[in-house]
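Peer 1: Please read through the structure below; I'll follow up with questions.
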2 protein chains.
Amino acid sequence: MPQLGLLHGRAWAVLFGQLRRPPGAVCIRAVHSHSQVAEAALATQLKPHQEKSNFIIKTPKGTRDLSPQQMVVREKILDMVVSCFKRHGAKGLDTPAFELKEMLTEKYGEDSGLIYDLKDQGGELLSLRYDLTVPFARYLAMNKVKKMKRYHVGKVWRRESPTIVQGRYREFCQCDFDIAGQFDPMIPDAECLKIMCEILSGLQLGDFLIKVNDRRILDGIFAVCGVPESKFHAICSSVDKLDKMSWKGVRHEMVAKKGLAAEVADRIGDYVQCQGGVSLVKQMFQDPRLSQNKQALEGLGDLKLLFEYLTLFGIAEKISFDLSLARGLDYYTGVIYEAVLLQTPAHAEEEPLNVGSVAAGGRYDGLVGMFDPKGHNVPCVGLSIGVERIFSIVEQRMKTFGEKIRTTETQVFVATPQKNFLQERLKLIAELWDAGIKAELMYKNNPKLLTQLHYCENMGIPLVVIIGEQELAEGVIKLRSVASREEVAITRENLVAEIQKRLSES
Amino acid sequence: MPQLGLLHGRAWAVLFGQLRRPPGAVCIRAVHSHSQVAEAALATQLKPHQEKSNFIIKTPKGTRDLSPQQMVVREKILDMVVSCFKRHGAKGLDTPAFELKEMLTEKYGEDSGLIYDLKDQGGELLSLRYDLTVPFARYLAMNKVKKMKRYHVGKVWRRESPTIVQGRYREFCQCDFDIAGQFDPMIPDAECLKIMCEILSGLQLGDFLIKVNDRRILDGIFAVCGVPESKFHAICSSVDKLDKMSWKGVRHEMVAKKGLAAEVADRIGDYVQCQGGVSLVKQMFQDPRLSQNKQALEGLGDLKLLFEYLTLFGIAEKISFDLSLARGLDYYTGVIYEAVLLQTPAHAEEEPLNVGSVAAGGRYDGLVGMFDPKGHNVPCVGLSIGVERIFSIVEQRMKTFGEKIRTTETQVFVATPQKNFLQERLKLIAELWDAGIKAELMYKNNPKLLTQLHYCENMGIPLVVIIGEQELAEGVIKLRSVASREEVAITRENLVAEIQKRLSES
């Protein structure tokens with residue numbers, strides 16, 4: 001299987017190779033009445049909070065701080081994702097956190113109510129971005145860019161009811177890769193699926209499957225089954241629920257809530273319960289009804305070509321043609337896809353964790369034209385990695401194994417067993433910093449040696465340099481390995497070289 | 001001088017070593033009336049924008065997209081800054097883009113009007129964060145963390161009138177490093193100044209100076225000069241203008257606008273026009289009036305100790321005790337500092353560029369207590385790097401030299417001189433990707449060889465692998481160096497190893 005080049009089979013070995021005892025940070029949320037806070041603040045130089053009842057120290061609903069432990073995991077995962085995007089020749093791009101409100105209008109269908117608006121404080125009406133795709137399309141149109149392969153890692157905001165257990169938040173990070181431009185069919189689309197495979201394999205999250213469908217095939221199915229065109233959107237969003245609901249439930253919704261004739265629903269059911277490989281594509285070509293629909297034939301033709309390319313990429317066995325895949329967003333126009341984890345990570349003793357889809361995307365050939373003054377379109381295809389869910393899985397795994405992670409990269413600690421050695425410690429640590437060595441010391445005039453050594457053990461710092469009266473008299477420094485507790489005396493001139501040698505060996 | 005370990009003297013050589021011809025992306029802002037957009041959008045599958053006059057495709061006022069070129073420069077600068085923070089043992093932390101509105105209340109004095117509020121859409125009242133310091137203090141109080149050394153790189157938002165030429169935006173990036181905890185005096189403060197020196201030296205922005213003062217000394221000066229305590233804040237913000245205004249102008253403001261007696265203003269003028277090194281600290285200790293003020297003496301004592309540590313760190317000559325430095329924000333309680341560039345970067349032919357301060361910070365011992373229910377304080381000291389201004393300087397320098405930067409990292413391009421070779425190209429590029437090699441191909445069934453080679457030259461891709469009928473028949477691949485145009489035939493089995501060898505040599 002393809003794996004992220006940087007990591008090959010060792011992704012988690014590398015990640016967990018740094019795991020250590022917890023550095024002792026505890027996370028308890030403090031919830032207090034305002035009166036306490038007000039009283040307390042009076043004791044400080046600063047003014048107290050405004051008088052208000054129910055003052056609570058917290059982050060906004062659906063958001064959270066990321067602790068140093070979480071930041072380390074996040075940084076490693078994002079590095080892997082971005083290195084894959086760069087391996088495929090993508091350029092970086094950044095857009096503002098908010099857009100003019102009208103830029104986001106009419107792009108998200110029913111989900112538009114989830115957009116965060118900014119308060120009208122005079123001037124423009126603004127909204128926080130809801131995804132990275134619409135700002136990308138706006139960028140292309142605004143700068144008249146006709147061709148671009150870009151990645152973008154950034155936060156987006158959605159006012160959803162947060163179901164935090166599944167790793168869904170109102171503020172979350174997306175990692176997007178998109179290819180814009182007029183090209184021969186399905187070559188960029190196949191590359192997007194290849195990228196999803198490389199990332200999911202590289203992250204070693206367990207087995208996965210990528211469901212593929214095409215909006216034109218879905219529309220064709222609705223047409224040949226007899227759905228009135230005005231109901232396409234409503235029926236499409238019912239189909240979208242098939243990953244969480246049985247066909248029986250979905251059929252009921254179609255008939256009872258959306259007013260579809262029962263026999264029409266049954267015809268749809270015959271299609272959307274199908275899934276398979278390239279053979280299912282061929283079978284649909286033979287379907288007496290579907291083969292009469294021009295749109296469906298276009299979609300099927302593209303999927304056939306797509307499977308051909310996926311076979312050349314060696315990933316066809318990871319792909320399932322799934323007629324129930326519908327995808328929520330309005331802007332898709334062709335191929336759509338969604339990656340799902342098939343089981344929890346390899347170890348049987350872990351709690352099962354339902355994480356749903358971890359990556360998704362598709363083709364949106366009409367979005368740039370909505371921004372372009374002459375309606376000129378730039379065809380686009382892309383994908384988004386649901387990194388928050390991936391973070392949840394990794395955190396869950398670490399919790400299960402009681403594993404903790406190193407939150408600093410400090411290589412050397414500068415210690416002393418004696419009083420009044422601050423000056424010597426400061427001179428020494430500046431030498432290390434200036435040589436590019438990651439070093440810390442205790443911000444105390446007279447720290448205890450044991451406290452200093454315990455700190456190194458707790459924080460996973462591998463080396464300690466010790467300076468005291470004897471060392472100063474002899475012109476040496478003691479270099480101690482925290483793991484083996486071995487100490488050697490080294491001349492001051494050779495210290496930096498010796499530390500660099502030890503660090504390069506470890 | 002201390003330099004960033006990763007880069008030593010080669011920072012810009014490394015950065016500009018990647019400079020190449022422009023990849024052709026043009027940035028023209030599209031500004032059009034809505035009627036055109038509406039007509040155009042009708043041609044697409046998607047709905048047009050709502051009817052509204054003056055529809056303009058743009059980013060919100062004071063914000064901007066970052067192009068791939070800008071992202072490369074930014075990534076390199078941020079990498080250098082973060083590696084310095086990590087070298088000093090800092091942990092990463094992230095906080096949400098918005099906070100409960102009341103968390104930001106009463107923290108920023110006159111600047112509070114610049115805070116972006118979110119619209120009340122039901123639920124909590126929220127504001128975009130204004131800096132990274134207040135969220136850090138909120139995090140410490142909320143989690144009862146008494147000791148922490150953290151860095152945070154993130155966007156903040158301020159509704160200022162954007163003066164874009166100086167690199168000031170309404171959305172901008174800050175890089176913060178802070179040390180929280182009760183320690184022996186001035187050791188963490190000295191480390192903050194050391195970090196500022198390492199970063200500014202490492203980035204090679206030219207000569208710089210760090211102005212240092214102490215809020216307690218300023219308050220002491222105001223007291224002994226006869227300023228009524230109720231006017232301390234107003235007079236302090238007048239003093240803060242001395243870097244942009246003459247003493248005469250500031251004196252006028254104090255007397256005419258803020259109602260200070262002329263002789264009181266003159267007494268203040270005698271102090272705040274002083275600047276110097278540690279000798280000025282000693283001189284102020286002897287000052288007959290100031291030496292009678294307890295607060296001022298505490299501040300002077302700390303500054304004396306600070307200079308001692310800065311001398312041990314080898315950076316004392318970069319520091320100036322400047323009695324005019326006041327700093328705007330309300331929350332500082334002790335030492336304050338601000339780094340200014342003394343001249344434009346080394347090259348005489350460049351346009352002079354006024355960039356003001358590029359880093360600043362100070363001690364804020366009362367902020368955490370504002371959030372803590374019992375008012376317990378956690379003393380803090382920190383710094384913020386003004387990376388946007390640094391980006392501006394670098395961009396200005398690149399513009400002056402007409403230099404462009406590589407926006408992708410692609411190492412190998414997969415090309416063919418023949419028609420109908422897409423399948424072979426796809427198989428070959430998948431092999432390269434799976435081996436971790438950064439590779440691209442043209443998304444065309446039958447691209448022209450010259451087009452493919454031109455693309456490599458334009459994008460700075462060093463190697464091309466060429467596959468055609470002859471190569472396929474002989475079981476080889478041609479490997480071409482774009483720079484030398486030399487081609488060699490290599491067996492398919494050896495291709496990956498040969499590419500990796502060449503890339504490691506270059």
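Residues are referred to by chain and number: the chain letter is A, B, ... according to the order shown in the structure tokens, the number counts from 1 in that chain, and ligands are numbered separately from 1 in the order shown.
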Pick out the residues sitting within 9 Å of Val335 (chain A), and hand them over as an MDAnalysis selection string; count only C-alpha atoms, and ignore anything fewer than 6 positions along from it in its own chain.
Peer 2: chainID A and resid 186 189 212:216 299 302:303 361:364 381
Peer 1: Restricting the output to all heavy atoms, write the selected residues as a short mmCIF file (atom, residue, chain, number, x, y, z; two decimals), in the first residue's frame.
Peer 2:
```cif
data_model
loop_
_atom_site.label_atom_id
_atom_site.label_comp_id
_atom_site.auth_asym_id
_atom_site.auth_seq_id
_atom_site.Cartn_x
_atom_site.Cartn_y
_atom_site.Cartn_z
N MET A 186 -10.73 13.25 -15.69
CA MET A 186 -10.48 12.27 -14.63
C MET A 186 -9.02 12.14 -14.19
O MET A 186 -8.75 11.41 -13.25
CB MET A 186 -11.01 10.87 -15.03
CG MET A 186 -12.53 10.81 -15.13
SD MET A 186 -13.33 11.18 -13.55
CE MET A 186 -14.04 12.79 -13.94
N ASP A 189 -8.87 14.12 -10.96
CA ASP A 189 -9.78 13.45 -10.03
C ASP A 189 -9.11 12.20 -9.45
O ASP A 189 -9.20 11.91 -8.25
CB ASP A 189 -11.09 13.06 -10.75
CG ASP A 189 -11.67 14.23 -11.55
OD1 ASP A 189 -10.96 14.72 -12.46
OD2 ASP A 189 -12.81 14.64 -11.28
N VAL A 212 -17.26 6.19 -3.93
CA VAL A 212 -17.28 7.13 -5.05
C VAL A 212 -18.66 7.10 -5.71
O VAL A 212 -19.28 6.04 -5.80
CB VAL A 212 -16.19 6.75 -6.10
CG1 VAL A 212 -16.32 7.60 -7.35
CG2 VAL A 212 -14.80 6.92 -5.51
N ASN A 213 -19.14 8.25 -6.12
CA ASN A 213 -20.36 8.34 -6.90
C ASN A 213 -20.23 9.58 -7.79
O ASN A 213 -19.17 10.21 -7.84
CB ASN A 213 -21.58 8.44 -5.97
CG ASN A 213 -22.89 8.10 -6.69
OD1 ASN A 213 -22.89 7.76 -7.88
ND2 ASN A 213 -24.00 8.21 -5.98
N ASP A 214 -21.30 9.91 -8.50
CA ASP A 214 -21.27 11.09 -9.37
C ASP A 214 -22.63 11.76 -9.30
O ASP A 214 -23.66 11.10 -9.38
CB ASP A 214 -20.95 10.66 -10.82
CG ASP A 214 -20.60 11.86 -11.70
OD1 ASP A 214 -21.48 12.72 -11.91
OD2 ASP A 214 -19.46 11.93 -12.17
N ARG A 215 -22.63 13.07 -9.10
CA ARG A 215 -23.89 13.80 -8.99
C ARG A 215 -24.77 13.61 -10.24
O ARG A 215 -25.99 13.57 -10.15
CB ARG A 215 -23.61 15.31 -8.82
CG ARG A 215 -23.37 15.74 -7.39
CD ARG A 215 -24.72 15.86 -6.63
NE ARG A 215 -24.49 16.00 -5.20
CZ ARG A 215 -24.35 17.17 -4.58
NH1 ARG A 215 -24.41 18.29 -5.27
NH2 ARG A 215 -24.16 17.21 -3.28
N ARG A 216 -24.13 13.47 -11.40
CA ARG A 216 -24.91 13.31 -12.64
C ARG A 216 -25.61 11.96 -12.67
O ARG A 216 -26.72 11.81 -13.20
CB ARG A 216 -24.00 13.47 -13.85
CG ARG A 216 -23.47 14.90 -14.02
CD ARG A 216 -22.30 14.94 -14.98
NE ARG A 216 -21.17 14.16 -14.45
CZ ARG A 216 -20.03 13.94 -15.11
NH1 ARG A 216 -19.88 14.42 -16.34
NH2 ARG A 216 -19.07 13.22 -14.57
N GLY A 299 -21.73 10.55 -16.47
CA GLY A 299 -21.17 10.21 -15.17
C GLY A 299 -20.55 8.81 -15.18
O GLY A 299 -19.44 8.60 -14.66
N ASP A 302 -17.28 8.72 -17.11
CA ASP A 302 -16.18 9.27 -16.33
C ASP A 302 -15.72 8.29 -15.25
O ASP A 302 -14.52 8.12 -15.00
CB ASP A 302 -16.58 10.61 -15.70
CG ASP A 302 -16.37 11.78 -16.67
OD1 ASP A 302 -15.77 11.55 -17.74
OD2 ASP A 302 -16.79 12.91 -16.35
N LEU A 303 -16.68 7.64 -14.59
CA LEU A 303 -16.31 6.69 -13.54
C LEU A 303 -15.51 5.52 -14.09
O LEU A 303 -14.57 5.04 -13.46
CB LEU A 303 -17.55 6.17 -12.81
CG LEU A 303 -18.15 7.05 -11.74
CD1 LEU A 303 -19.09 6.24 -10.85
CD2 LEU A 303 -17.08 7.71 -10.86
N GLY A 361 -14.61 14.81 -0.77
CA GLY A 361 -14.41 15.85 -1.77
C GLY A 361 -15.19 15.55 -3.03
O GLY A 361 -16.10 14.71 -3.02
N GLY A 362 -14.81 16.24 -4.10
CA GLY A 362 -15.51 16.03 -5.35
C GLY A 362 -15.23 17.14 -6.33
O GLY A 362 -14.39 18.01 -6.09
N ARG A 363 -15.94 17.08 -7.45
CA ARG A 363 -15.76 18.04 -8.53
C ARG A 363 -16.82 19.13 -8.46
O ARG A 363 -18.00 18.85 -8.25
CB ARG A 363 -15.83 17.29 -9.87
CG ARG A 363 -15.67 18.16 -11.11
CD ARG A 363 -15.32 17.37 -12.35
NE ARG A 363 -13.91 17.03 -12.38
CZ ARG A 363 -12.92 17.90 -12.69
NH1 ARG A 363 -13.21 19.14 -13.00
NH2 ARG A 363 -11.67 17.50 -12.70
N TYR A 364 -16.38 20.38 -8.58
CA TYR A 364 -17.30 21.52 -8.55
C TYR A 364 -16.92 22.46 -9.68
O TYR A 364 -16.08 23.31 -9.55
CB TYR A 364 -17.27 22.22 -7.17
CG TYR A 364 -15.91 22.56 -6.64
CD1 TYR A 364 -15.42 23.87 -6.71
CD2 TYR A 364 -15.08 21.59 -6.06
CE1 TYR A 364 -14.16 24.20 -6.22
CE2 TYR A 364 -13.82 21.92 -5.57
CZ TYR A 364 -13.37 23.21 -5.66
OH TYR A 364 -12.12 23.53 -5.19
N VAL A 381 -11.56 20.32 -8.88
CA VAL A 381 -11.81 19.09 -8.14
C VAL A 381 -10.88 19.12 -6.93
O VAL A 381 -9.78 19.66 -7.00
CB VAL A 381 -11.57 17.84 -9.03
CG1 VAL A 381 -10.11 17.73 -9.48
CG2 VAL A 381 -12.02 16.57 -8.35
#
```
Peer 1: For the structure I just gave you, how does DSSP split region 133-308 of chain B - specifically, which residues are strand (DSSP E or B)? Reply as a list in words.
Peer 2: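 Restricting region 133-308 of chain B to strand (DSSP E or B) produces Met148, Lys149, Arg150, Tyr151, His152, Val153, Gly154, Lys155, Val156, Trp157, Glu171, Phe172, Cys173, Gln174, Cys175, Asp176, Phe177, Asp178, Ile179, Ala180, Phe208, Leu209, Ile210, Lys211, Val212, Asn213, Asp214, Gln275 and Gly276 of chain B.
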Peer 1: What would the file look like if the residues just selected were written as an mmCIF file, in the first residue's frame with N, CA, C and O atoms?
Peer 2:
```
data_model
loop_
_atom_site.group_PDB
_atom_site.id
_atom_site.type_symbol
_atom_site.label_atom_id
_atom_site.label_comp_id
_atom_site.auth_asym_id
_atom_site.auth_seq_id
_atom_site.Cartn_x
_atom_site.Cartn_y
_atom_site.Cartn_z
ATOM 1 N N MET B 148 4.183 27.889 33.251
ATOM 2 C CA MET B 148 4.132 27.412 31.873
ATOM 3 C C MET B 148 4.974 28.323 30.984
ATOM 4 O O MET B 148 4.949 29.540 31.115
ATOM 5 N N LYS B 149 5.694 27.690 30.086
ATOM 6 C CA LYS B 149 6.451 28.431 29.074
ATOM 7 C C LYS B 149 5.848 28.009 27.753
ATOM 8 O O LYS B 149 5.982 26.865 27.359
ATOM 9 N N ARG B 150 5.122 28.916 27.087
ATOM 10 C CA ARG B 150 4.430 28.492 25.877
ATOM 11 C C ARG B 150 4.675 29.476 24.719
ATOM 12 O O ARG B 150 4.957 30.646 24.943
ATOM 13 N N TYR B 151 4.559 28.945 23.495
ATOM 14 C CA TYR B 151 4.542 29.825 22.340
ATOM 15 C C TYR B 151 3.202 29.640 21.630
ATOM 16 O O TYR B 151 2.540 28.600 21.783
ATOM 17 N N HIS B 152 2.827 30.633 20.880
ATOM 18 C CA HIS B 152 1.563 30.582 20.151
ATOM 19 C C HIS B 152 1.724 31.416 18.877
ATOM 20 O O HIS B 152 2.067 32.591 18.942
ATOM 21 N N VAL B 153 1.509 30.798 17.740
ATOM 22 C CA VAL B 153 1.513 31.515 16.467
ATOM 23 C C VAL B 153 0.077 31.508 15.959
ATOM 24 O O VAL B 153 -0.514 30.434 15.820
ATOM 25 N N GLY B 154 -0.484 32.666 15.735
ATOM 26 C CA GLY B 154 -1.871 32.679 15.288
ATOM 27 C C GLY B 154 -2.301 34.051 14.826
ATOM 28 O O GLY B 154 -1.624 35.055 15.053
ATOM 29 N N LYS B 155 -3.474 34.059 14.172
ATOM 30 C CA LYS B 155 -4.010 35.327 13.693
ATOM 31 C C LYS B 155 -4.745 36.054 14.812
ATOM 32 O O LYS B 155 -5.372 35.421 15.660
ATOM 33 N N VAL B 156 -4.701 37.386 14.782
ATOM 34 C CA VAL B 156 -5.526 38.215 15.651
ATOM 35 C C VAL B 156 -6.190 39.270 14.771
ATOM 36 O O VAL B 156 -5.765 39.491 13.636
ATOM 37 N N TRP B 157 -7.244 39.909 15.313
ATOM 38 C CA TRP B 157 -8.053 40.818 14.501
ATOM 39 C C TRP B 157 -8.279 42.134 15.235
ATOM 40 O O TRP B 157 -8.655 42.130 16.409
ATOM 41 N N GLU B 171 -6.434 41.927 9.901
ATOM 42 C CA GLU B 171 -6.145 40.539 10.279
ATOM 43 C C GLU B 171 -4.647 40.359 10.156
ATOM 44 O O GLU B 171 -4.083 40.635 9.092
ATOM 45 N N PHE B 172 -4.004 39.946 11.211
ATOM 46 C CA PHE B 172 -2.563 39.729 11.098
ATOM 47 C C PHE B 172 -2.101 38.639 12.052
ATOM 48 O O PHE B 172 -2.809 38.219 12.963
ATOM 49 N N CYS B 173 -0.885 38.176 11.771
ATOM 50 C CA CYS B 173 -0.327 37.035 12.494
ATOM 51 C C CYS B 173 0.560 37.541 13.631
ATOM 52 O O CYS B 173 1.313 38.495 13.450
ATOM 53 N N GLN B 174 0.441 36.927 14.790
ATOM 54 C CA GLN B 174 1.365 37.217 15.885
ATOM 55 C C GLN B 174 2.100 35.952 16.298
ATOM 56 O O GLN B 174 1.573 34.851 16.198
ATOM 57 N N CYS B 175 3.334 36.127 16.752
ATOM 58 C CA CYS B 175 4.134 35.023 17.280
ATOM 59 C C CYS B 175 4.511 35.380 18.707
ATOM 60 O O CYS B 175 5.352 36.262 18.914
ATOM 61 N N ASP B 176 3.903 34.714 19.651
ATOM 62 C CA ASP B 176 4.101 35.074 21.055
ATOM 63 C C ASP B 176 4.850 33.992 21.825
ATOM 64 O O ASP B 176 4.658 32.791 21.587
ATOM 65 N N PHE B 177 5.680 34.441 22.738
ATOM 66 C CA PHE B 177 6.391 33.557 23.671
ATOM 67 C C PHE B 177 6.190 34.163 25.050
ATOM 68 O O PHE B 177 6.417 35.361 25.237
ATOM 69 N N ASP B 178 5.739 33.367 26.006
ATOM 70 C CA ASP B 178 5.514 33.887 27.351
ATOM 71 C C ASP B 178 5.969 32.883 28.408
ATOM 72 O O ASP B 178 5.897 31.666 28.203
ATOM 73 N N ILE B 179 6.411 33.425 29.529
ATOM 74 C CA ILE B 179 6.801 32.601 30.674
ATOM 75 C C ILE B 179 5.919 32.997 31.847
ATOM 76 O O ILE B 179 5.940 34.147 32.289
ATOM 77 N N ALA B 180 5.111 32.022 32.311
ATOM 78 C CA ALA B 180 4.238 32.269 33.448
ATOM 79 C C ALA B 180 4.791 31.526 34.652
ATOM 80 O O ALA B 180 5.253 30.390 34.523
ATOM 81 N N PHE B 208 19.544 46.581 14.890
ATOM 82 C CA PHE B 208 18.335 46.864 15.677
ATOM 83 C C PHE B 208 18.730 47.246 17.101
ATOM 84 O O PHE B 208 19.878 47.056 17.519
ATOM 85 N N LEU B 209 17.757 47.792 17.802
ATOM 86 C CA LEU B 209 17.965 48.203 19.182
ATOM 87 C C LEU B 209 16.710 47.833 19.954
ATOM 88 O O LEU B 209 15.604 47.940 19.434
ATOM 89 N N ILE B 210 16.904 47.390 21.189
ATOM 90 C CA ILE B 210 15.731 47.108 22.020
ATOM 91 C C ILE B 210 15.657 48.157 23.129
ATOM 92 O O ILE B 210 16.553 48.260 23.961
ATOM 93 N N LYS B 211 14.575 48.934 23.096
ATOM 94 C CA LYS B 211 14.336 49.923 24.151
ATOM 95 C C LYS B 211 13.696 49.220 25.339
ATOM 96 O O LYS B 211 12.776 48.421 25.168
ATOM 97 N N VAL B 212 14.187 49.552 26.545
ATOM 98 C CA VAL B 212 13.641 48.952 27.760
ATOM 99 C C VAL B 212 13.233 50.057 28.722
ATOM 100 O O VAL B 212 13.904 51.084 28.815
ATOM 101 N N ASN B 213 12.136 49.849 29.396
ATOM 102 C CA ASN B 213 11.720 50.754 30.464
ATOM 103 C C ASN B 213 10.934 49.930 31.477
ATOM 104 O O ASN B 213 10.871 48.688 31.353
ATOM 105 N N ASP B 214 10.348 50.569 32.465
ATOM 106 C CA ASP B 214 9.561 49.854 33.466
ATOM 107 C C ASP B 214 8.363 50.729 33.833
ATOM 108 O O ASP B 214 8.520 51.928 34.077
ATOM 109 N N GLN B 275 17.919 58.663 27.494
ATOM 110 C CA GLN B 275 18.135 57.257 27.139
ATOM 111 C C GLN B 275 19.607 56.917 27.260
ATOM 112 O O GLN B 275 20.471 57.778 27.123
ATOM 113 N N GLY B 276 19.888 55.635 27.558
ATOM 114 C CA GLY B 276 21.286 55.236 27.732
ATOM 115 C C GLY B 276 21.364 53.787 28.165
ATOM 116 O O GLY B 276 20.371 53.048 28.064
#
```
Peer 1: Could you tell me which residues of chain A sit within 6 Å of chain B when counting only C-alpha atoms, and give me the result as an NGL selection string?
Peer 2: :A and (2 or 5 or 27-30 or 36-37 or 40-41 or 44 or 57 or 60 or 65-68 or 71 or 87-89 or 91-95 or 99-100 or 117-119 or 142-143 or 183-184 or 187 or 312-313 or 366 or 370 or 373-375 or 407-408 or 410 or 427 or 430 or 434-436 or 438-439 or 443-444)
Peer 1: How would the residues just picked look written out with C-alpha atoms as a short mmCIF file (atom, residue, chain, number, x, y, z; two decimals), in the first residue's frame?
Peer 2:
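Written out: selection13.cif:
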```cif
data_model
loop_
_atom_site.label_atom_id
_atom_site.label_comp_id
_atom_site.auth_asym_id
_atom_site.auth_seq_id
_atom_site.Cartn_x
_atom_site.Cartn_y
_atom_site.Cartn_z
CA PRO A 2 1.13 3.54 -0.59
CA GLY A 5 7.08 8.89 2.16
CA CYS A 27 -7.08 20.25 32.73
CA ILE A 28 -9.93 21.11 35.05
CA ARG A 29 -12.46 23.65 33.87
CA ALA A 30 -13.04 26.41 36.37
CA GLN A 36 -16.15 35.95 43.27
CA VAL A 37 -14.26 37.10 40.22
CA ALA A 40 -10.85 38.99 43.46
CA ALA A 41 -10.01 41.30 40.63
CA THR A 44 -5.16 43.45 41.48
CA ILE A 57 -14.40 31.23 32.74
CA PRO A 60 -17.14 29.58 23.68
CA ASP A 65 -8.07 25.21 23.69
CA LEU A 66 -5.49 22.79 22.39
CA SER A 67 -3.10 21.70 25.11
CA PRO A 68 0.62 21.23 24.44
CA MET A 71 -0.52 20.44 19.74
CA ARG A 87 4.68 15.77 -2.90
CA HIS A 88 1.88 16.28 -5.42
CA GLY A 89 3.13 19.73 -6.40
CA LYS A 91 1.31 25.55 -3.67
CA GLY A 92 0.27 27.08 -0.37
CA LEU A 93 -2.46 29.74 -0.16
CA ASP A 94 -4.08 31.56 2.72
CA THR A 95 -7.31 33.55 2.83
CA GLU A 99 -15.28 37.03 3.92
CA LEU A 100 -17.82 39.57 2.77
CA ASP A 117 -21.88 36.45 11.00
CA LEU A 118 -19.89 39.33 12.46
CA LYS A 119 -21.71 42.17 14.15
CA MET A 142 -10.86 37.66 -8.23
CA ASN A 143 -7.35 37.13 -9.59
CA PHE A 183 -7.71 19.34 -18.24
CA ASP A 184 -8.38 15.98 -19.83
CA ILE A 187 -6.68 12.70 -14.41
CA LEU A 312 -2.75 2.22 -12.71
CA PHE A 313 -2.20 4.00 -9.39
CA GLY A 366 -19.68 25.80 -11.47
CA MET A 370 -20.59 32.36 -9.58
CA PRO A 373 -18.14 38.78 -13.79
CA LYS A 374 -18.61 37.08 -17.16
CA GLY A 375 -19.58 33.75 -15.64
CA THR A 407 5.62 18.57 24.77
CA THR A 408 9.00 20.27 24.52
CA THR A 410 14.64 20.51 25.03
CA LYS A 427 26.83 32.30 30.52
CA ALA A 430 23.75 31.39 26.18
CA ASP A 434 23.93 30.43 20.27
CA ALA A 435 25.11 27.04 19.00
CA GLY A 436 21.49 26.14 18.18
CA LYS A 438 17.71 23.49 22.73
CA ALA A 439 18.39 24.23 26.37
CA TYR A 443 14.67 30.37 36.91
CA LYS A 444 15.94 30.28 40.48
#
```
Peer 1: I need the residue nearest Gly109 (chain B) from this list: B:Leu218, B:Leu205, B:Val250, B:Ala234. Use only C-alpha atoms for the distance.
Peer 2: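 Closest to Gly109 (chain B), using only C-alpha atoms: B:Ala234.
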Peer 1: Neighbours of Ser506 (chain B) within 12 Å (only C-alpha atoms; same-chain residues fewer than 3 positions away dropped), as a list in words?
Peer 2: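 Those residues are Gln411, Pro462, Leu463, Ser481, Ala483, Ile499, Gln500, Lys501, Arg502 and Leu503 of chain B.
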Peer 1: Ala223 (chain A): which residues within 12 Å, counting only C-alpha atoms, same-chain residues fewer than 4 positions away excluded, as a PyMOL selection string?
Peer 2: chain A and resi 216-219+227-232+235-236+264-265+267-268+289-296
Peer 1: Mind the document's chain letters and residue numbers, and return as a list in words the residues of region 52-88 of chain A that DSSP labels alpha helix (DSSP H).
Peer 2: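 Put together, the selection reads Pro68, Gln69, Gln70, Met71, Val72, Val73, Arg74, Glu75, Lys76, Ile77, Leu78, Asp79, Met80, Val81, Val82, Ser83, Cys84, Phe85, Lys86 and Arg87 of chain A.
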Peer 1: Skipping near chain neighbours, those fewer than 2 positions away, what residues fall within 8 Å of Gln418 (chain A) using only C-alpha atoms, listed as an MDAnalysis selection string?
Peer 2: chainID A and resid 416 420:421 446 448:449 468:469
Peer 1: List the neighbours of Gly249 (chain A) out to 12 Å using only C-alpha atoms; skip same-chain residues closer than 6 positions along the sequence, and give me the result as an NGL selection string.
Peer 2: :A and (238-239 or 241-243 or 255-257 or 265 or 269)
